>>> print(open('start_28.pdb').read())   # PDB, C-alpha atoms and all ligand atoms
ATOM      1  CA  MET A   1      24.853   5.185   7.340
ATOM      2  CA  ARG A   2      22.455   6.562   9.902
ATOM      3  CA  ALA A   3      21.641   9.727   8.006
ATOM      4  CA  GLU A   4      21.157   7.936   4.698
ATOM      5  CA  CYS A   5      18.952   5.322   6.286
ATOM      6  CA  ILE A   6      16.768   7.769   8.216
ATOM      7  CA  ASN A   7      16.523  10.067   5.220
ATOM      8  CA  SER A   8      15.521   7.247   2.878
ATOM      9  CA  PHE A   9      12.689   6.201   5.172
ATOM     10  CA  TYR A  10      11.646   9.780   5.745
ATOM     11  CA  ARG A  11      11.639  10.592   2.030
ATOM     12  CA  ALA A  12       9.651   7.423   1.236
ATOM     13  CA  THR A  13       7.136   8.152   3.996
ATOM     14  CA  GLN A  14       6.636  11.720   2.844
ATOM     15  CA  ASP A  15       6.076  10.651  -0.733
ATOM     16  CA  ILE A  16       3.679   7.801   0.048
ATOM     17  CA  PHE A  17       1.641   9.744   2.603
ATOM     18  CA  GLU A  18       1.226  12.568   0.132
ATOM     19  CA  ARG A  19       0.443  10.335  -2.803
ATOM     20  CA  MET A  20      -1.899   7.856  -1.117
ATOM     21  CA  MET A  21      -3.517   9.997   1.582
ATOM     22  CA  ASP A  22      -2.885  13.637   0.686
ATOM     23  CA  LEU A  23      -1.091  14.040   3.991
ATOM     24  CA  LYS A  24       1.936  16.232   4.574
ATOM     25  CA  THR A  25       4.490  14.854   7.009
ATOM     26  CA  GLU A  26       7.178  16.749   8.867
ATOM     27  CA  LYS A  27       9.870  15.757  11.309
ATOM     28  CA  ALA A  28       8.807  16.422  14.871
ATOM     29  CA  GLU A  29      11.580  14.676  16.770
ATOM     30  CA  LEU A  30      14.585  12.460  16.276
ATOM     31  CA  GLY A  31      16.302  10.582  19.052
ATOM     32  CA  VAL A  32      17.928   7.387  20.201
ATOM     33  CA  VAL A  33      15.999   4.826  22.259
ATOM     34  CA  GLU A  34      17.412   1.903  24.227
ATOM     35  CA  GLU A  35      15.086  -0.644  22.678
ATOM     36  CA  MET A  36      12.309  -0.754  20.131
ATOM     37  CA  ILE A  37       8.957  -0.509  21.831
ATOM     38  CA  ALA A  38       5.627  -0.586  20.081
ATOM     39  CA  GLY A  39       4.514   2.550  21.910
ATOM     40  CA  LYS A  40       1.207   3.073  20.118
ATOM     41  CA  GLU A  41      -1.772   0.848  19.285
ATOM     42  CA  ALA A  42      -1.096  -0.111  15.676
ATOM     43  CA  ASN A  43       2.386  -1.360  14.858
ATOM     44  CA  VAL A  44       4.066  -2.747  11.801
ATOM     45  CA  VAL A  45       7.455  -4.452  11.940
ATOM     46  CA  ILE A  46       9.448  -4.900   8.785
ATOM     47  CA  GLY A  47      12.660  -6.885   8.692
ATOM     48  CA  MET A  48      15.564  -5.739   6.590
ATOM     49  CA  THR A  49      18.263  -7.951   5.137
ATOM     50  CA  GLY A  50      21.340  -7.244   3.062
ATOM     51  CA  ASP A  51      23.962  -4.515   3.463
ATOM     52  CA  LEU A  52      21.867  -3.014   6.233
ATOM     53  CA  TYR A  53      20.106  -5.586   8.367
ATOM     54  CA  GLY A  54      17.773  -5.385  11.330
ATOM     55  CA  SER A  55      14.232  -4.114  11.656
ATOM     56  CA  VAL A  56      12.036  -1.110  11.252
ATOM     57  CA  LEU A  57       9.002  -0.536  13.446
ATOM     58  CA  TYR A  58       6.186   1.813  12.481
ATOM     59  CA  SER A  59       4.003   2.762  15.419
ATOM     60  CA  PHE A  60       0.671   4.567  14.896
ATOM     61  CA  PRO A  61      -2.037   5.732  17.315
ATOM     62  CA  LYS A  62      -5.405   4.039  16.887
ATOM     63  CA  GLU A  63      -7.377   7.124  15.810
ATOM     64  CA  MET A  64      -4.765   8.083  13.276
ATOM     65  CA  THR A  65      -4.781   4.577  11.787
ATOM     66  CA  LEU A  66      -8.569   4.642  11.447
ATOM     67  CA  ASP A  67      -8.363   8.071   9.799
ATOM     68  CA  MET A  68      -5.708   6.886   7.364
ATOM     69  CA  VAL A  69      -7.844   3.966   6.245
ATOM     70  CA  LYS A  70     -10.883   6.215   6.075
ATOM     71  CA  ILE A  71      -9.037   8.617   3.761
ATOM     72  CA  MET A  72      -8.020   5.754   1.466
ATOM     73  CA  SER A  73     -11.299   3.850   1.472
ATOM     74  CA  GLY A  74     -13.797   6.662   1.823
ATOM     75  CA  MET A  75     -15.507   4.479   4.416
ATOM     76  CA  GLU A  76     -15.929   4.982   8.152
ATOM     77  CA  MET A  77     -13.674   2.738  10.240
ATOM     78  CA  ASP A  78     -14.285   2.172  13.932
ATOM     79  CA  LYS A  79     -11.913  -0.543  15.026
ATOM     80  CA  LEU A  80      -8.478  -1.968  14.353
ATOM     81  CA  ASP A  81      -9.752  -5.065  12.579
ATOM     82  CA  SER A  82      -8.018  -7.269  10.008
ATOM     83  CA  PHE A  83      -8.980  -5.008   7.124
ATOM     84  CA  VAL A  84      -7.538  -1.913   8.791
ATOM     85  CA  ALA A  85      -4.442  -3.731  10.062
ATOM     86  CA  SER A  86      -3.760  -5.202   6.656
ATOM     87  CA  ALA A  87      -4.171  -1.867   4.842
ATOM     88  CA  LEU A  88      -1.799  -0.223   7.335
ATOM     89  CA  GLY A  89       0.702  -3.063   6.985
ATOM     90  CA  GLU A  90       0.668  -2.660   3.227
ATOM     91  CA  VAL A  91       1.248   1.099   3.428
ATOM     92  CA  ALA A  92       4.269   0.459   5.686
ATOM     93  CA  ASN A  93       5.424  -2.250   3.300
ATOM     94  CA  ILE A  94       5.196   0.111   0.317
ATOM     95  CA  ILE A  95       7.086   2.839   2.207
ATOM     96  CA  SER A  96       9.814   0.377   3.179
ATOM     97  CA  GLY A  97      10.107  -0.914  -0.381
ATOM     98  CA  ASN A  98      10.576   2.621  -1.652
ATOM     99  CA  ALA A  99      13.064   3.395   1.129
ATOM    100  CA  VAL A 100      15.121   0.379   0.056
ATOM    101  CA  THR A 101      15.134   1.737  -3.502
ATOM    102  CA  TYR A 102      16.446   5.080  -2.216
ATOM    103  CA  LEU A 103      19.080   3.242  -0.163
ATOM    104  CA  SER A 104      20.274   1.499  -3.306
ATOM    105  CA  GLU A 105      21.035   4.953  -4.714
ATOM    106  CA  HIS A 106      23.488   5.264  -1.819
ATOM    107  CA  ASN A 107      24.962   1.888  -2.792
ATOM    108  CA  TYR A 108      23.308  -0.110  -0.035
ATOM    109  CA  SER A 109      21.715  -3.232  -1.388
ATOM    110  CA  CYS A 110      18.886  -4.348   0.924
ATOM    111  CA  ASP A 111      15.705  -6.345   0.900
ATOM    112  CA  ILE A 112      12.656  -6.354   3.109
ATOM    113  CA  VAL A 113      10.661  -9.216   4.555
ATOM    114  CA  PRO A 114       6.831  -9.091   4.638
ATOM    115  CA  PRO A 115       5.289  -6.992   7.405
ATOM    116  CA  GLN A 116       4.247  -8.313  10.759
ATOM    117  CA  ILE A 117       1.379  -6.378  12.295
ATOM    118  CA  ILE A 118       1.033  -6.029  16.043
ATOM    119  CA  VAL A 119      -2.080  -4.474  17.536
ATOM    120  CA  GLY A 120      -1.704  -3.359  21.151
ATOM    121  CA  GLU A 121       0.293  -0.845  23.093
ATOM    122  CA  ASN A 122       3.694  -0.975  24.794
ATOM    123  CA  LYS A 123       4.804  -4.311  23.542
ATOM    124  CA  SER A 124       8.538  -4.522  23.459
ATOM    125  CA  ILE A 125       9.523  -6.073  20.228
ATOM    126  CA  SER A 126      13.241  -5.798  20.704
ATOM    127  CA  MET A 127      14.722  -8.739  18.907
ATOM    128  CA  ALA A 128      18.162  -8.749  20.424
ATOM    129  CA  THR A 129      18.646  -5.444  18.747
ATOM    130  CA  ASP A 130      20.779  -2.623  19.958
ATOM    131  CA  LYS A 131      19.616   0.903  20.291
ATOM    132  CA  ALA A 132      17.188   2.237  17.753
ATOM    133  CA  LEU A 133      16.751   5.591  16.095
ATOM    134  CA  LYS A 134      13.282   6.911  16.693
ATOM    135  CA  LEU A 135      11.871   9.411  14.254
ATOM    136  CA  THR A 136       8.571  11.047  15.196
ATOM    137  CA  LEU A 137       6.613  12.484  12.304
ATOM    138  CA  ARG A 138       3.805  14.994  12.489
ATOM    139  CA  THR A 139       0.728  15.014  10.233
ATOM    140  CA  SER A 140      -2.596  16.831  10.430
ATOM    141  CA  ILE A 141      -4.270  13.660  11.736
ATOM    142  CA  GLY A 142      -1.689  12.746  14.359
ATOM    143  CA  ASN A 143       1.914  11.898  15.118
ATOM    144  CA  PHE A 144       3.544   8.531  14.588
ATOM    145  CA  ASP A 145       6.961   6.969  15.042
ATOM    146  CA  ILE A 146       9.368   5.125  12.829
ATOM    147  CA  ASN A 147      11.970   3.185  14.821
ATOM    148  CA  ILE A 148      14.959   1.997  12.884
ATOM    149  CA  SER A 149      17.401  -0.530  14.267
ATOM    150  CA  VAL A 150      19.819  -1.698  11.616
ATOM    151  CA  LYS A 151      23.446  -2.673  11.460
ATOM    152  CA  GLU A 152      25.842  -2.434   8.620
ATOM    153  CA  LYS A 153      27.198  -5.648   7.207
ATOM    154  CA  LYS A 154      30.958  -5.567   7.318
TER     155      LYS A 154
ATOM    156  CA  MET B   1     -12.876   5.422  -2.780
ATOM    157  CA  TRP B   2     -12.251   7.009  -6.186
ATOM    158  CA  LYS B   3     -10.733  10.497  -6.115
ATOM    159  CA  GLU B   4     -10.445  12.991  -8.977
ATOM    160  CA  LYS B   5      -6.719  13.325  -8.274
ATOM    161  CA  TYR B   6      -6.240   9.725  -9.449
ATOM    162  CA  LYS B   7      -7.055  10.781 -13.006
ATOM    163  CA  ILE B   8      -4.159  10.499 -15.431
ATOM    164  CA  GLY B   9      -5.704  12.738 -18.086
ATOM    165  CA  VAL B  10      -6.479  10.000 -20.608
ATOM    166  CA  GLU B  11     -10.237   9.666 -20.722
ATOM    167  CA  ARG B  12     -10.492   6.017 -21.660
ATOM    168  CA  ILE B  13      -8.084   4.956 -18.901
ATOM    169  CA  ASP B  14      -9.627   7.262 -16.318
ATOM    170  CA  GLN B  15     -13.084   5.815 -16.957
ATOM    171  CA  GLN B  16     -11.731   2.306 -16.528
ATOM    172  CA  HIS B  17      -9.910   3.228 -13.351
ATOM    173  CA  GLU B  18     -13.081   4.709 -11.941
ATOM    174  CA  GLU B  19     -14.923   1.495 -12.771
ATOM    175  CA  LEU B  20     -12.149  -0.588 -11.231
ATOM    176  CA  PHE B  21     -12.276   1.451  -8.021
ATOM    177  CA  ARG B  22     -16.062   1.014  -7.980
ATOM    178  CA  ARG B  23     -15.746  -2.757  -8.222
ATOM    179  CA  VAL B  24     -13.039  -2.942  -5.572
ATOM    180  CA  GLU B  25     -15.224  -0.766  -3.360
ATOM    181  CA  ASP B  26     -18.237  -3.020  -3.937
ATOM    182  CA  PHE B  27     -16.143  -6.014  -2.966
ATOM    183  CA  ILE B  28     -14.804  -4.335   0.194
ATOM    184  CA  LYS B  29     -18.301  -3.170   1.138
ATOM    185  CA  SER B  30     -19.691  -6.669   0.762
ATOM    186  CA  VAL B  31     -16.849  -8.015   2.916
ATOM    187  CA  ARG B  32     -17.402  -5.371   5.571
ATOM    188  CA  SER B  33     -21.205  -5.340   5.562
ATOM    189  CA  GLU B  34     -23.132  -6.205   8.705
ATOM    190  CA  GLY B  35     -24.376  -9.712   9.220
ATOM    191  CA  GLU B  36     -23.390 -13.344   9.356
ATOM    192  CA  TRP B  37     -20.371 -14.231   7.257
ATOM    193  CA  GLU B  38     -22.074 -17.352   5.909
ATOM    194  CA  LEU B  39     -24.950 -15.264   4.623
ATOM    195  CA  LYS B  40     -22.681 -12.655   3.057
ATOM    196  CA  GLN B  41     -20.419 -15.149   1.329
ATOM    197  CA  GLU B  42     -22.368 -15.395  -1.902
ATOM    198  CA  LYS B  43     -22.244 -11.646  -2.355
ATOM    199  CA  VAL B  44     -18.546 -11.604  -1.449
ATOM    200  CA  LYS B  45     -17.777 -14.262  -4.050
ATOM    201  CA  GLU B  46     -19.835 -12.464  -6.650
ATOM    202  CA  THR B  47     -18.171  -9.075  -6.121
ATOM    203  CA  LEU B  48     -14.728 -10.717  -5.949
ATOM    204  CA  GLU B  49     -15.313 -12.399  -9.284
ATOM    205  CA  PHE B  50     -16.699  -9.193 -10.814
ATOM    206  CA  MET B  51     -13.690  -7.228  -9.571
ATOM    207  CA  SER B  52     -11.048  -9.805 -10.589
ATOM    208  CA  MET B  53     -12.473 -10.038 -14.094
ATOM    209  CA  TYR B  54     -12.202  -6.305 -14.503
ATOM    210  CA  VAL B  55      -8.610  -6.216 -13.246
ATOM    211  CA  VAL B  56      -7.693  -8.505 -16.145
ATOM    212  CA  THR B  57      -9.727  -6.567 -18.718
ATOM    213  CA  HIS B  58      -8.478  -3.187 -17.619
ATOM    214  CA  PHE B  59      -4.821  -4.197 -17.351
ATOM    215  CA  ALA B  60      -4.937  -5.643 -20.863
ATOM    216  CA  ASP B  61      -6.511  -2.440 -22.187
ATOM    217  CA  GLU B  62      -4.075  -0.223 -20.377
ATOM    218  CA  GLU B  63      -1.157  -2.280 -21.705
ATOM    219  CA  LYS B  64      -2.548  -1.897 -25.218
ATOM    220  CA  TYR B  65      -2.804   1.850 -24.753
ATOM    221  CA  GLN B  66       0.801   2.003 -23.558
ATOM    222  CA  GLN B  67       1.913   0.204 -26.683
ATOM    223  CA  GLU B  68      -0.120   2.519 -28.882
ATOM    224  CA  ILE B  69       1.677   5.556 -27.505
ATOM    225  CA  HIS B  70       5.016   3.693 -27.379
ATOM    226  CA  TYR B  71       5.279   4.267 -23.666
ATOM    227  CA  PRO B  72       8.941   3.709 -22.739
ATOM    228  CA  GLY B  73       8.058   2.250 -19.327
ATOM    229  CA  TYR B  74       5.878  -0.441 -20.893
ATOM    230  CA  GLU B  75       7.959  -3.500 -19.925
ATOM    231  CA  GLU B  76       8.419  -2.357 -16.349
ATOM    232  CA  HIS B  77       4.728  -1.544 -16.026
ATOM    233  CA  LEU B  78       3.771  -4.878 -17.501
ATOM    234  CA  GLN B  79       5.709  -6.561 -14.691
ATOM    235  CA  LEU B  80       3.724  -4.545 -12.118
ATOM    236  CA  HIS B  81       0.477  -5.756 -13.690
ATOM    237  CA  ILE B  82       1.692  -9.354 -13.729
ATOM    238  CA  ARG B  83       2.675  -9.171 -10.073
ATOM    239  CA  PHE B  84      -0.628  -7.525  -9.119
ATOM    240  CA  LYS B  85      -2.596 -10.292 -10.845
ATOM    241  CA  GLU B  86      -0.394 -12.928  -9.224
ATOM    242  CA  GLU B  87      -1.015 -11.507  -5.754
ATOM    243  CA  VAL B  88      -4.767 -11.486  -6.352
ATOM    244  CA  GLY B  89      -4.571 -15.018  -7.728
ATOM    245  CA  LYS B  90      -2.663 -16.267  -4.687
ATOM    246  CA  TYR B  91      -5.336 -14.959  -2.355
ATOM    247  CA  VAL B  92      -8.154 -16.393  -4.438
ATOM    248  CA  ALA B  93      -6.437 -19.798  -4.297
ATOM    249  CA  ARG B  94      -6.120 -19.474  -0.520
ATOM    250  CA  PHE B  95      -9.818 -18.534  -0.269
ATOM    251  CA  ASN B  96     -10.737 -21.697  -2.103
ATOM    252  CA  ASP B  97      -8.456 -23.754   0.148
ATOM    253  CA  THR B  98      -9.774 -22.277   3.375
ATOM    254  CA  GLY B  99     -13.433 -22.160   2.421
ATOM    255  CA  PHE B 100     -13.454 -18.364   2.318
ATOM    256  CA  ASP B 101     -12.070 -17.686   5.766
ATOM    257  CA  GLU B 102     -13.411 -14.279   6.848
ATOM    258  CA  GLU B 103     -10.164 -12.971   8.377
ATOM    259  CA  LEU B 104      -8.260 -13.860   5.246
ATOM    260  CA  VAL B 105     -10.780 -12.098   3.016
ATOM    261  CA  GLN B 106     -10.624  -8.981   5.236
ATOM    262  CA  GLU B 107      -6.834  -9.082   5.052
ATOM    263  CA  PHE B 108      -6.979  -9.291   1.273
ATOM    264  CA  GLY B 109      -9.434  -6.378   1.110
ATOM    265  CA  GLY B 110      -7.035  -4.112   3.011
ATOM    266  CA  LYS B 111      -4.069  -5.022   0.829
ATOM    267  CA  LEU B 112      -6.008  -4.799  -2.416
ATOM    268  CA  MET B 113      -7.124  -1.269  -1.580
ATOM    269  CA  ALA B 114      -3.563  -0.160  -0.797
ATOM    270  CA  TRP B 115      -2.126  -1.838  -3.917
ATOM    271  CA  LEU B 116      -4.714  -0.242  -6.165
ATOM    272  CA  ILE B 117      -4.267   3.271  -4.780
ATOM    273  CA  TYR B 118      -0.480   2.978  -4.864
ATOM    274  CA  HIS B 119      -0.552   1.724  -8.453
ATOM    275  CA  VAL B 120      -3.024   4.246  -9.849
ATOM    276  CA  ALA B 121      -1.692   7.203  -7.842
ATOM    277  CA  GLY B 122       1.890   6.244  -8.734
ATOM    278  CA  ALA B 123       2.928   4.148 -11.709
ATOM    279  CA  ASP B 124      -0.177   4.962 -13.775
ATOM    280  CA  GLN B 125       0.374   8.703 -13.357
ATOM    281  CA  LYS B 126       3.626   8.350 -15.277
ATOM    282  CA  ILE B 127       1.702   7.054 -18.290
ATOM    283  CA  GLY B 128      -0.488  10.162 -18.120
ATOM    284  CA  ALA B 129       2.544  12.432 -17.851
ATOM    285  CA  TYR B 130       4.105  10.782 -20.906
ATOM    286  CA  ALA B 131       0.860  11.008 -22.901
ATOM    287  CA  ALA B 132       0.587  14.694 -22.014
ATOM    288  CA  ARG B 133       4.113  15.314 -23.286
ATOM    289  CA  LEU B 134       3.110  13.709 -26.561
ATOM    290  CA  GLY B 135       0.178  16.067 -26.671
ATOM    291  CA  GLY B 136      -2.041  13.043 -26.868
ATOM    292  CA  GLY B 137      -3.461  13.292 -23.386
ATOM    293  CA  LYS B 138      -6.858  14.222 -24.673
ATOM    294  CA  GLU B 139      -8.035  11.673 -27.170
TER     295      GLU B 139
HETATM  296 FE    FE C 201      -1.430   0.195 -14.604
END
>>> encode(input="start_28.pdb", output="structure tokens")
Amino acid sequence: MRAECINSFYRATQDIFERMMDLKTEKAELGVVEEMIAGKEANVVIGMTGDLYGSVLYSFPKEMTLDMVKIMSGMEMDKLDSFVASALGEVANIISGNAVTYLSEHNYSCDIVPPQIIVGENKSISMATDKALKLTLRTSIGNFDINISVKEKK
Amino acid sequence: MWKEKYKIGVERIDQQHEELFRRVEDFIKSVRSEGEWELKQEKVKETLEFMSMYVVTHFADEEKYQQEIHYPGYEEHLQLHIRFKEEVGKYVARFNDTGFDEELVQEFGGKLMAWLIYHVAGADQKIGAYAARLGGGKE
């Protein structure tokens, strides 16, 4: 399950970053963390329900987030305001939606719940979850993390 | 906001997409411009209306084009357009209920931009690819 889940999110992220922002992404690190922590300034949490249930946390540095929105909008961005947060949340939402489609190809039927956006660093958002898989991805405008904490429905 | 890479290779659709991006950009710029929200509101409402109207016009035209070329993904694409219009409509209703709350309008602006890019850089490209296979890409 782990490999399929990580790979689905990775594949979806790669595709969406390339398509929407012309950004290449590559795996920098993969590890297990004790709890999900919003380790960077701009965070998006997406709940998953169905055959795999739990949550996925995307954690982006501030400068990278501003650059992402600048690439999409063609406008200068200087703070993590509602516009920026909402655009970021939607990108994460789109990635997650595509990841769920890929998961269905592996016979996992899942759904996602609308994103929750948390601005601010080092907030623990562990929701009685167990360990999480943390995938760090590298792009030309910065590194970001995708934390995945899901369980398989028996 | 518009990028050449968003072109699908069908001139009439590409021109409309460029216009749609321009109107979305005008709306976002009016939302994000300096100054008191109360003073900007008229302009925000005007650009929102101008943009929403064009979403409807363009989607209808694009749907017609898909039918003309017998695009096999027509039904699926139609659903994407319906959902897009619904999402815009839901926000507009909330604006009217909340008296154009600034945070809500900013939130909508961010989502709208992402939806539009995702749609044009994704689903719409497939129409272009199909048209090219037909040899009808250039009208
Ligand atoms: Fe379309």
>>> resolve_selection(input="start_28.pdb", expression="the PyMOL selection byres (((chain A and resi 133) around 6) and not hetatm)", output="list in words")
Gly31, Val32, Ala132, Lys134, Asn147 and Ile148 of chain A
>>> residues_near_ligand(input="start_28.pdb", ligand="ligand FE 201 (chain C)", cutoff="8 Å", atoms="all atoms listed in the file", output="NGL selection string")
:B and (59 or 62-63 or 77-78 or 80-81 or 119-120 or 123-124)
>>> resolve_selection(input="start_28.pdb", expression="the PyMOL selection byres ((chain B) within 7 of (chain A))", output="NGL selection string")
:B and (1 or 103 or 106-107 or 109-111 or 114 or 117-118 or 121)
>>> resolve_selection(input="start_28.pdb", expression="the PyMOL selection byres (((chain B and resi 9-16) around 10) and not hetatm)", output="PyMOL selection string")
chain B and resi 4-8+17-22+54-55+57-59+61-62+65+120+124-125+127-129+131-132+136-139
>>> residues_around(input="start_28.pdb", residues="region 33-50 of chain B", least_positions_apart="6", cutoff="9 Å", atoms="all atoms listed in the file", output="ChimeraX atom specification")
/B:23-24,26-27,92,100,102,105
>>> closest_residue(input="start_28.pdb", among="B:Gln79, B:Gln66, B:Asn96, B:Ser52", to="Lys126 (chain B)", atoms="only C-alpha atoms")
B:Gln66
